[in-house]
Amino acid sequence: MNETIQTNPLIDRLPPHLKQFIKPQNYDDYTAINQAVWRYVMRKNVEYLGKVAHESYLSGLKKTGISINEIPSMYGMNRILKDIGWAAVAVDGFIPPNAFMEFQAYKVLVIASDIRQLENIEYTPAPDIIHEGAGHAPIIASPDYAEYLRRFGEIGSKAISSAHDIEMYEAVRSVSILKEAEGTPQDQIDAAEMLVEELQNKKVEPSEISLIRNLHWWTVEYGLVGTVEDPKIYGAGLLSSIGESKNCMTDAVKKIPYSIDAAYQDFDITKQQPQLFVTPDFAYLQEVLEEFANTMAVRKGGWRGLKKLIESKQLGTIELSTGLQVSGVFKRMIQNEDNEVVYFETEGETALSYREKELIGHGIERHTNGFRSPLGKLKGINLAIENMGPRDLQAYNFYDGKHIQFEFESGITVEGMNVTGIRNLKSELMLIQFTDCTVKYKDEVLFSPEDGDFDFAVGKDIVSAFAGMADYRSFNVNTHNPSATTTIKPERSAKQQELIELYEAIRNYRNGETTKFSPDAVFDILKKHHNEDWLLPLEIYELEVERNTTLSKEVFRYLNELKERRPEVSHLIEGGLELLETPEHV
């Protein structure tokens with residue numbers, strides 16, 4: 001069952017810069033131990049979460065094709081998710097926050113296809129298929145929540161990041177990979193966690209992506225719904241953690257009414273959360289999201305928005321009052337005494353668009369070495385260029401094929417041959433092309449005839465600024481290559497391979513398939529060579545207890561001895577026994 005990437009109409013329409021993150025699930029890579037981990041977590045979760053999770057959880061498991069007994073395949077999930085208007089793709093661990101959210105905007109769930117190790121069965125900082133598949137997927141069966149998720153992705157993908165955010169992403173990704181890799185030396189894990197802690201404690205101005213990531217964490221990942229006195233779980237991090245889902249319902253975890261304040265509450269991904277936010281319902285989540293969006297540069301624009309893009313040093317877009325969109329890496333702006341932007345400049349490849357569609361002839365081939373333009377009103381003229389009708393333009397000598405000279409209120413001057421102009425749907429000029437053009441500000445030459453044609457972006461001001469490009473077809477950004485290592489695939493020892501075969505024998509026996517070892521033989525080998533393992537004896541006991549065999553009594557005694565010998569896993573053994581409610585256990 002080694003799957004290729006399973007398609008779905010929603011996946012087919014994803015832009016290339018998102019498709020680069022998708023990988024095949026490779027279902028055959030899951031071992032019988034992986035399947036046992038999934039089964040234990042799901043059986044515990046369904047037994048407990050049925051009482052404390054949002055009402056859509058249990059029905060959502062069925063609607064999204066999530067099985068309790070085996071790890072879901074992307075093939076099956078996509079076939080079923082299609083009926084509720086969503087899709088799912090497999091990725092390798094953490095992907096950049098903007099990309100993760102953009103997938104949501106396209107109604108595609110991102111699922112890290114790896115699964116946590118048995119040692120991390122209660123919680124892992126790494127995104128895995130338990131967290132993504134059994135946590136995120138079921139709740140999207142609720143239409144209000146699904147729309148919140150989609151809208152969050154739409155807004156969140158426009159949030160502007162900082163250089164610190166990139167560092168943080170790489171550090172967290174590294175920790176998650178190292179902690180899930182079998183045999184990673186503890187000193188490497190400690191060093192990686194220390195770096196995360198240092199970055200978390202670093203005093204930096206919070207970026208838009210860090211603030212909206214906080215909102216995502218306290219809702220989509222760790223959200224509660226209902227009342228502070230009687231909350232229900234809906235966050236994927238809680239739904240996928242058999243330890244924290246119980247702990248969060250106790251008084252040890254503070255419950256706070258959800259509000260926009262959650263955007264300013266940081267979190268530590270390596271620890272259980274000391275407080276959680278409770279929303280009254282999913283509709284309220286959207287109210288807070290829109291409240292936060294009103295603070296973002298995508299809606300406010302202006303010099304602050306452009307400043308964020310310049311500081312990010314990442315690909316971004318500004319939209320002018322005419323609707324012209326400029327996408328590139330912004331490096332400079334000039335402001336007047338009122339802080340209004342009167343000039344901006346990009347470096348490297350730049351593209352111009354209108355309504356998210358690149359203007360013909362104004363892609364990166366033309367604007368290879370950046371783009372620059374003054375903004376604002378002309379000196380001594382109250383009417384902005386974009387608002388000038390044909391007669392106004394004629395009065396101010398804006399003729400095609402005419403030499404023209406004009407000065408902005410800022411003092412920037414433009415002199416050159418007017419070649420042609422491009423108008424928007426309102427018939428406003430939004431771009432004017434000049435040849436033999438010189439642009440000056442005070443004693444500085446901003447553009448000279450040697451630089452080629454000058455394209456003047458018409459607009460009074462910047463109405464929007466956001467991360468990414470206006471038209472995804474403008475740039476080749478299929479360059480996903482995180483500096484942190486990719487997920488580490490273990491090289492198994494002969495002993496580890498033997499343990500996998502023992503798990504496989506019990507799994508086959510349960511499913512009525514041909515098995516290499518009988519339960520008695522598995523138990524004998526387990527006691528001799530794998531006496532630290534606690535999950536396999538639980539699985540053997542589950543098979544034998546109903547028949548009340550001699551083996552079941554032996555295994556039960558062994559499990560109690562194991563609880564004494566390994567107190568750190570005694571609660572997990574106890575949890576497995578509780579599922580069976582056997583006479584011995586009672």
# chains A, B, ... in the order shown; residues from 1 in each chain; ligands from 1
>>> closest_atom_pairs(of="stretch 340-454 of chain A", to="stretch 310-319 of chain A", cutoff="12 Å", atoms="only C-alpha atoms", output="tab-separated table")
residue	atom	partner	partner_atom	distance
A:Val341	CA	A:Ile318	CA	11.8
A:Phe344	CA	A:Ile310	CA	10.0
A:Glu345	CA	A:Ile310	CA	9.6
A:Thr346	CA	A:Ile310	CA	8.9
A:Glu347	CA	A:Lys313	CA	10.1
A:Gly348	CA	A:Leu315	CA	10.3
A:Glu349	CA	A:Leu315	CA	9.7
A:Thr350	CA	A:Leu315	CA	9.2
A:Ala351	CA	A:Thr317	CA	9.3
A:Leu352	CA	A:Thr317	CA	9.3
A:Ser353	CA	A:Glu319	CA	9.0
A:Tyr354	CA	A:Glu319	CA	8.7
A:Arg355	CA	A:Glu319	CA	9.5
A:Glu356	CA	A:Glu319	CA	10.1
A:Leu375	CA	A:Glu319	CA	12.0
A:Met430	CA	A:Glu319	CA	11.0
>>> write_last_selection(atoms="all heavy atoms", output="tab-separated table (two decimals), in the first residue's frame")
chain	number	residue	atom	x	y	z
A	341	VAL	N	4.52	57.88	2.99
A	341	VAL	CA	5.53	57.36	2.07
A	341	VAL	C	5.46	58.15	0.76
A	341	VAL	O	4.40	58.22	0.12
A	341	VAL	CB	5.30	55.86	1.78
A	341	VAL	CG1	6.34	55.35	0.78
A	341	VAL	CG2	5.37	55.05	3.07
A	344	PHE	N	9.30	54.61	-2.75
A	344	PHE	CA	9.64	53.26	-2.29
A	344	PHE	C	10.53	52.60	-3.33
A	344	PHE	O	10.57	53.00	-4.50
A	344	PHE	CB	8.39	52.41	-2.05
A	344	PHE	CG	7.63	52.07	-3.30
A	344	PHE	CD1	7.96	50.94	-4.06
A	344	PHE	CD2	6.60	52.88	-3.74
A	344	PHE	CE1	7.27	50.63	-5.22
A	344	PHE	CE2	5.90	52.57	-4.90
A	344	PHE	CZ	6.24	51.44	-5.65
A	345	GLU	N	11.22	51.56	-2.89
A	345	GLU	CA	12.17	50.90	-3.79
A	345	GLU	C	12.29	49.42	-3.42
A	345	GLU	O	12.33	49.06	-2.24
A	345	GLU	CB	13.53	51.59	-3.66
A	345	GLU	CG	14.56	51.19	-4.69
A	345	GLU	CD	15.82	52.05	-4.61
A	345	GLU	OE1	15.74	53.21	-4.13
A	345	GLU	OE2	16.88	51.54	-5.01
A	346	THR	N	12.34	48.56	-4.42
A	346	THR	CA	12.61	47.14	-4.20
A	346	THR	C	14.00	46.81	-4.75
A	346	THR	O	14.59	47.61	-5.49
A	346	THR	CB	11.58	46.23	-4.90
A	346	THR	OG1	11.77	46.33	-6.32
A	346	THR	CG2	10.16	46.61	-4.53
A	347	GLU	N	14.49	45.61	-4.40
A	347	GLU	CA	15.73	45.14	-5.00
A	347	GLU	C	15.49	43.77	-5.62
A	347	GLU	O	14.68	42.97	-5.14
A	347	GLU	CB	16.84	45.05	-3.94
A	347	GLU	CG	16.54	44.11	-2.79
A	347	GLU	CD	17.64	44.09	-1.75
A	347	GLU	OE1	18.72	44.66	-2.04
A	347	GLU	OE2	17.44	43.52	-0.67
A	348	GLY	N	16.17	43.49	-6.70
A	348	GLY	CA	16.03	42.20	-7.36
A	348	GLY	C	14.70	42.08	-8.10
A	348	GLY	O	14.03	43.07	-8.39
A	349	GLU	N	14.34	40.85	-8.40
A	349	GLU	CA	13.16	40.59	-9.23
A	349	GLU	C	11.88	41.15	-8.60
A	349	GLU	O	11.60	40.93	-7.42
A	349	GLU	CB	13.01	39.09	-9.46
A	349	GLU	CG	14.16	38.49	-10.26
A	349	GLU	CD	14.03	36.99	-10.43
A	349	GLU	OE1	13.28	36.36	-9.64
A	349	GLU	OE2	14.66	36.44	-11.36
A	350	THR	N	11.12	41.86	-9.43
A	350	THR	CA	9.89	42.52	-8.99
A	350	THR	C	8.84	42.34	-10.07
A	350	THR	O	9.15	42.29	-11.26
A	350	THR	CB	10.13	44.03	-8.73
A	350	THR	OG1	11.21	44.17	-7.79
A	350	THR	CG2	8.90	44.71	-8.19
A	351	ALA	N	7.58	42.22	-9.65
A	351	ALA	CA	6.48	42.08	-10.60
A	351	ALA	C	5.36	43.03	-10.22
A	351	ALA	O	5.13	43.31	-9.04
A	351	ALA	CB	5.97	40.63	-10.61
A	352	LEU	N	4.65	43.52	-11.24
A	352	LEU	CA	3.51	44.42	-11.05
A	352	LEU	C	2.22	43.69	-11.41
A	352	LEU	O	2.17	42.99	-12.42
A	352	LEU	CB	3.65	45.68	-11.91
A	352	LEU	CG	4.97	46.45	-11.82
A	352	LEU	CD1	4.90	47.71	-12.67
A	352	LEU	CD2	5.31	46.80	-10.38
A	353	SER	N	1.21	43.88	-10.58
A	353	SER	CA	-0.06	43.17	-10.79
A	353	SER	C	-1.23	44.10	-10.55
A	353	SER	O	-1.08	45.19	-9.98
A	353	SER	CB	-0.18	41.96	-9.84
A	353	SER	OG	0.89	41.07	-10.01
A	354	TYR	N	-2.40	43.63	-10.95
A	354	TYR	CA	-3.66	44.31	-10.64
A	354	TYR	C	-4.69	43.23	-10.35
A	354	TYR	O	-4.88	42.32	-11.15
A	354	TYR	CB	-4.11	45.19	-11.82
A	354	TYR	CG	-5.42	45.90	-11.59
A	354	TYR	CD1	-5.54	46.88	-10.61
A	354	TYR	CD2	-6.55	45.60	-12.36
A	354	TYR	CE1	-6.74	47.55	-10.40
A	354	TYR	CE2	-7.76	46.26	-12.17
A	354	TYR	CZ	-7.85	47.22	-11.18
A	354	TYR	OH	-9.05	47.88	-10.97
A	355	ARG	N	-5.30	43.30	-9.18
A	355	ARG	CA	-6.26	42.29	-8.74
A	355	ARG	C	-5.68	40.87	-8.81
A	355	ARG	O	-6.28	39.95	-9.35
A	355	ARG	CB	-7.55	42.39	-9.53
A	355	ARG	CG	-8.31	43.70	-9.29
A	355	ARG	CD	-9.70	43.66	-9.84
A	355	ARG	NE	-10.48	44.81	-9.38
A	355	ARG	CZ	-11.77	45.00	-9.63
A	355	ARG	NH1	-12.44	44.11	-10.35
A	355	ARG	NH2	-12.40	46.07	-9.18
A	356	GLU	N	-4.47	40.75	-8.28
A	356	GLU	CA	-3.77	39.46	-8.18
A	356	GLU	C	-3.43	38.85	-9.53
A	356	GLU	O	-3.18	37.65	-9.61
A	356	GLU	CB	-4.58	38.44	-7.34
A	356	GLU	CG	-4.60	38.71	-5.84
A	356	GLU	CD	-5.46	39.89	-5.48
A	356	GLU	OE1	-6.62	39.94	-5.93
A	356	GLU	OE2	-4.98	40.78	-4.75
A	375	LEU	N	5.49	58.58	-4.83
A	375	LEU	CA	4.06	58.53	-4.58
A	375	LEU	C	3.57	59.91	-4.14
A	375	LEU	O	4.37	60.76	-3.74
A	375	LEU	CB	3.74	57.52	-3.46
A	375	LEU	CG	4.02	56.04	-3.70
A	375	LEU	CD1	3.76	55.24	-2.42
A	375	LEU	CD2	3.17	55.51	-4.84
A	430	MET	N	-2.76	54.04	-13.57
A	430	MET	CA	-2.06	53.43	-12.44
A	430	MET	C	-0.58	53.19	-12.74
A	430	MET	O	0.19	52.86	-11.85
A	430	MET	CB	-2.74	52.13	-11.99
A	430	MET	CG	-2.84	51.05	-13.02
A	430	MET	SD	-3.64	49.58	-12.31
A	430	MET	CE	-3.56	48.47	-13.72
>>> select_by_dssp(residues="stretch 347-410 of chain A", states="strand (DSSP E or B)", output="count of residues only")
21
>>> closest_residue(among="A:Ala163, A:Leu81, A:Gln272, A:Val175", to="A:Ala126", atoms="only C-alpha atoms")
A:Val175
>>> atom_distance(atom1="atom CA of A:His136", atom2="atom CA of A:Ser240")
8.9 Å
>>> select_by_dssp(residues="stretch 22-232 of chain A", states="alpha helix (DSSP H)", output="PyMOL selection string")
chain A and resi 32-52+56-63+74-81+97-105+129+137-139+143-156+163-180+186-201+208-216
>>> residues_around(residues="stretch 454-467 of chain A", least_positions_apart="3", cutoff="8 Å", atoms="only C-alpha atoms", output="count of residues only")
46
>>> residues_around(residues="A:Leu118", least_positions_apart="5", cutoff="10 Å", atoms="only C-alpha atoms", output="PDB file with all heavy atoms, in the first residue's frame")
ATOM      1  N   ILE A  33       4.810  -1.368  15.299  1.00  0.00           N
ATOM      2  CA  ILE A  33       4.898  -0.559  16.529  1.00  0.00           C
ATOM      3  C   ILE A  33       4.181   0.765  16.305  1.00  0.00           C
ATOM      4  O   ILE A  33       3.435   1.238  17.167  1.00  0.00           O
ATOM      5  CB  ILE A  33       6.364  -0.329  16.947  1.00  0.00           C
ATOM      6  CG1 ILE A  33       7.045  -1.659  17.259  1.00  0.00           C
ATOM      7  CG2 ILE A  33       6.434   0.606  18.158  1.00  0.00           C
ATOM      8  CD1 ILE A  33       8.524  -1.534  17.622  1.00  0.00           C
ATOM      9  N   ASN A  34       4.407   1.390  15.146  1.00  0.00           N
ATOM     10  CA  ASN A  34       3.703   2.633  14.819  1.00  0.00           C
ATOM     11  C   ASN A  34       2.194   2.438  14.888  1.00  0.00           C
ATOM     12  O   ASN A  34       1.460   3.268  15.442  1.00  0.00           O
ATOM     13  CB  ASN A  34       4.069   3.116  13.419  1.00  0.00           C
ATOM     14  CG  ASN A  34       5.523   3.467  13.231  1.00  0.00           C
ATOM     15  OD1 ASN A  34       6.078   3.331  12.141  1.00  0.00           O
ATOM     16  ND2 ASN A  34       6.172   3.932  14.293  1.00  0.00           N
ATOM     17  N   ALA A  36       0.598   0.204  16.584  1.00  0.00           N
ATOM     18  CA  ALA A  36       0.191  -0.011  17.976  1.00  0.00           C
ATOM     19  C   ALA A  36       0.118   1.305  18.738  1.00  0.00           C
ATOM     20  O   ALA A  36      -0.777   1.510  19.573  1.00  0.00           O
ATOM     21  CB  ALA A  36       1.165  -0.973  18.660  1.00  0.00           C
ATOM     22  N   VAL A  37       1.067   2.209  18.470  1.00  0.00           N
ATOM     23  CA  VAL A  37       1.047   3.540  19.104  1.00  0.00           C
ATOM     24  C   VAL A  37      -0.232   4.278  18.707  1.00  0.00           C
ATOM     25  O   VAL A  37      -0.931   4.854  19.548  1.00  0.00           O
ATOM     26  CB  VAL A  37       2.301   4.342  18.723  1.00  0.00           C
ATOM     27  CG1 VAL A  37       2.145   5.815  19.091  1.00  0.00           C
ATOM     28  CG2 VAL A  37       3.540   3.767  19.400  1.00  0.00           C
ATOM     29  N   TRP A  38      -0.530   4.284  17.402  1.00  0.00           N
ATOM     30  CA  TRP A  38      -1.762   4.936  16.920  1.00  0.00           C
ATOM     31  C   TRP A  38      -2.975   4.345  17.637  1.00  0.00           C
ATOM     32  O   TRP A  38      -3.832   5.070  18.133  1.00  0.00           O
ATOM     33  CB  TRP A  38      -1.895   4.753  15.408  1.00  0.00           C
ATOM     34  CG  TRP A  38      -3.241   5.180  14.881  1.00  0.00           C
ATOM     35  CD1 TRP A  38      -4.369   4.424  14.797  1.00  0.00           C
ATOM     36  CD2 TRP A  38      -3.598   6.481  14.409  1.00  0.00           C
ATOM     37  NE1 TRP A  38      -5.407   5.158  14.294  1.00  0.00           N
ATOM     38  CE2 TRP A  38      -4.962   6.427  14.045  1.00  0.00           C
ATOM     39  CE3 TRP A  38      -2.905   7.676  14.246  1.00  0.00           C
ATOM     40  CZ2 TRP A  38      -5.646   7.531  13.525  1.00  0.00           C
ATOM     41  CZ3 TRP A  38      -3.584   8.775  13.729  1.00  0.00           C
ATOM     42  CH2 TRP A  38      -4.934   8.705  13.380  1.00  0.00           C
ATOM     43  N   GLU A 180      12.339  13.213  17.810  1.00  0.00           N
ATOM     44  CA  GLU A 180      11.634  12.055  17.271  1.00  0.00           C
ATOM     45  C   GLU A 180      12.562  11.058  16.580  1.00  0.00           C
ATOM     46  O   GLU A 180      12.124  10.006  16.144  1.00  0.00           O
ATOM     47  CB  GLU A 180      10.544  12.512  16.296  1.00  0.00           C
ATOM     48  CG  GLU A 180       9.262  12.943  16.983  1.00  0.00           C
ATOM     49  CD  GLU A 180       8.650  11.853  17.849  1.00  0.00           C
ATOM     50  OE1 GLU A 180       8.716  10.664  17.484  1.00  0.00           O
ATOM     51  OE2 GLU A 180       8.116  12.175  18.920  1.00  0.00           O
ATOM     52  N   ASP A 533       9.814  -3.074  27.148  1.00  0.00           N
ATOM     53  CA  ASP A 533       8.636  -2.685  26.366  1.00  0.00           C
ATOM     54  C   ASP A 533       7.357  -2.935  27.177  1.00  0.00           C
ATOM     55  O   ASP A 533       7.188  -4.006  27.783  1.00  0.00           O
ATOM     56  CB  ASP A 533       8.581  -3.495  25.066  1.00  0.00           C
ATOM     57  CG  ASP A 533       7.480  -3.011  24.134  1.00  0.00           C
ATOM     58  OD1 ASP A 533       6.329  -3.497  24.269  1.00  0.00           O
ATOM     59  OD2 ASP A 533       7.769  -2.141  23.308  1.00  0.00           O
ATOM     60  N   TRP A 534       6.446  -1.954  27.163  1.00  0.00           N
ATOM     61  CA  TRP A 534       5.209  -2.063  27.961  1.00  0.00           C
ATOM     62  C   TRP A 534       3.947  -2.184  27.101  1.00  0.00           C
ATOM     63  O   TRP A 534       2.917  -2.687  27.568  1.00  0.00           O
ATOM     64  CB  TRP A 534       5.056  -0.849  28.876  1.00  0.00           C
ATOM     65  CG  TRP A 534       4.964   0.466  28.115  1.00  0.00           C
ATOM     66  CD1 TRP A 534       5.999   1.277  27.782  1.00  0.00           C
ATOM     67  CD2 TRP A 534       3.788   1.078  27.611  1.00  0.00           C
ATOM     68  NE1 TRP A 534       5.551   2.376  27.072  1.00  0.00           N
ATOM     69  CE2 TRP A 534       4.181   2.274  26.958  1.00  0.00           C
ATOM     70  CE3 TRP A 534       2.428   0.754  27.627  1.00  0.00           C
ATOM     71  CZ2 TRP A 534       3.279   3.137  26.342  1.00  0.00           C
ATOM     72  CZ3 TRP A 534       1.520   1.610  27.015  1.00  0.00           C
ATOM     73  CH2 TRP A 534       1.946   2.787  26.381  1.00  0.00           C
ATOM     74  N   LEU A 535       3.995  -1.737  25.839  1.00  0.00           N
ATOM     75  CA  LEU A 535       2.779  -1.721  25.027  1.00  0.00           C
ATOM     76  C   LEU A 535       2.439  -3.100  24.455  1.00  0.00           C
ATOM     77  O   LEU A 535       1.262  -3.480  24.399  1.00  0.00           O
ATOM     78  CB  LEU A 535       2.933  -0.692  23.899  1.00  0.00           C
ATOM     79  CG  LEU A 535       1.721  -0.490  22.980  1.00  0.00           C
ATOM     80  CD1 LEU A 535       0.460  -0.187  23.786  1.00  0.00           C
ATOM     81  CD2 LEU A 535       1.997   0.636  21.983  1.00  0.00           C
TER      82      LEU A 535
END
>>> residues_around(residues="A:Thr270", least_positions_apart="4", cutoff="10 Å", atoms="only C-alpha atoms", output="JSON list (two decimals) with N, CA, C and O atoms, in the first residue's frame")
[["chain", "number", "residue", "atom", "x", "y", "z"],
["A", 123, "TYR", "N", 3.07, 12.90, 24.29],
["A", 123, "TYR", "CA", 3.21, 14.24, 23.69],
["A", 123, "TYR", "C", 4.51, 14.32, 22.92],
["A", 123, "TYR", "O", 5.52, 13.77, 23.35],
["A", 124, "THR", "N", 4.46, 14.99, 21.80],
["A", 124, "THR", "CA", 5.67, 15.30, 21.05],
["A", 124, "THR", "C", 5.57, 16.71, 20.50],
["A", 124, "THR", "O", 4.49, 17.14, 20.09],
["A", 125, "PRO", "N", 6.68, 17.49, 20.51],
["A", 125, "PRO", "CA", 6.64, 18.82, 19.90],
["A", 125, "PRO", "C", 6.59, 18.74, 18.37],
["A", 125, "PRO", "O", 6.31, 19.72, 17.71],
["A", 126, "ALA", "N", 6.88, 17.56, 17.83],
["A", 126, "ALA", "CA", 6.89, 17.40, 16.38],
["A", 126, "ALA", "C", 5.46, 17.20, 15.87],
["A", 126, "ALA", "O", 4.69, 16.47, 16.47],
["A", 172, "VAL", "N", 12.77, 25.43, 16.02],
["A", 172, "VAL", "CA", 11.69, 24.54, 16.47],
["A", 172, "VAL", "C", 11.63, 23.30, 15.58],
["A", 172, "VAL", "O", 11.44, 22.18, 16.07],
["A", 175, "VAL", "N", 14.40, 20.95, 16.73],
["A", 175, "VAL", "CA", 14.07, 20.25, 17.98],
["A", 175, "VAL", "C", 13.11, 19.11, 17.71],
["A", 175, "VAL", "O", 13.27, 17.99, 18.20],
["A", 176, "SER", "N", 12.07, 19.40, 16.93],
["A", 176, "SER", "CA", 11.05, 18.38, 16.68],
["A", 176, "SER", "C", 11.62, 17.17, 15.96],
["A", 176, "SER", "O", 11.25, 16.03, 16.24],
["A", 193, "GLU", "N", 17.07, 22.46, 22.28],
["A", 193, "GLU", "CA", 16.03, 23.05, 23.13],
["A", 193, "GLU", "C", 16.50, 24.35, 23.75],
["A", 193, "GLU", "O", 15.72, 25.29, 23.93],
["A", 196, "VAL", "N", 16.05, 27.09, 21.23],
["A", 196, "VAL", "CA", 14.64, 27.50, 21.17],
["A", 196, "VAL", "C", 14.31, 28.42, 22.34],
["A", 196, "VAL", "O", 13.67, 29.47, 22.19],
["A", 197, "GLU", "N", 14.77, 28.03, 23.54],
["A", 197, "GLU", "CA", 14.49, 28.84, 24.73],
["A", 197, "GLU", "C", 15.13, 30.22, 24.63],
["A", 197, "GLU", "O", 14.51, 31.23, 24.98]]
>>> closest_residue(among="A:Lys379, A:Lys203, A:Lys107, A:His54", to="A:Asp230", atoms="only C-alpha atoms")
A:His54
>>> residues_around(residues="stretch 146-153 of chain A", least_positions_apart="2", cutoff="12 Å", atoms="only C-alpha atoms", output="ChimeraX atom specification")
/A:56,60,81,84-87,97-110,136-144,155-159,209,212-213,215-217,219-221,234-235,281-290,292-293
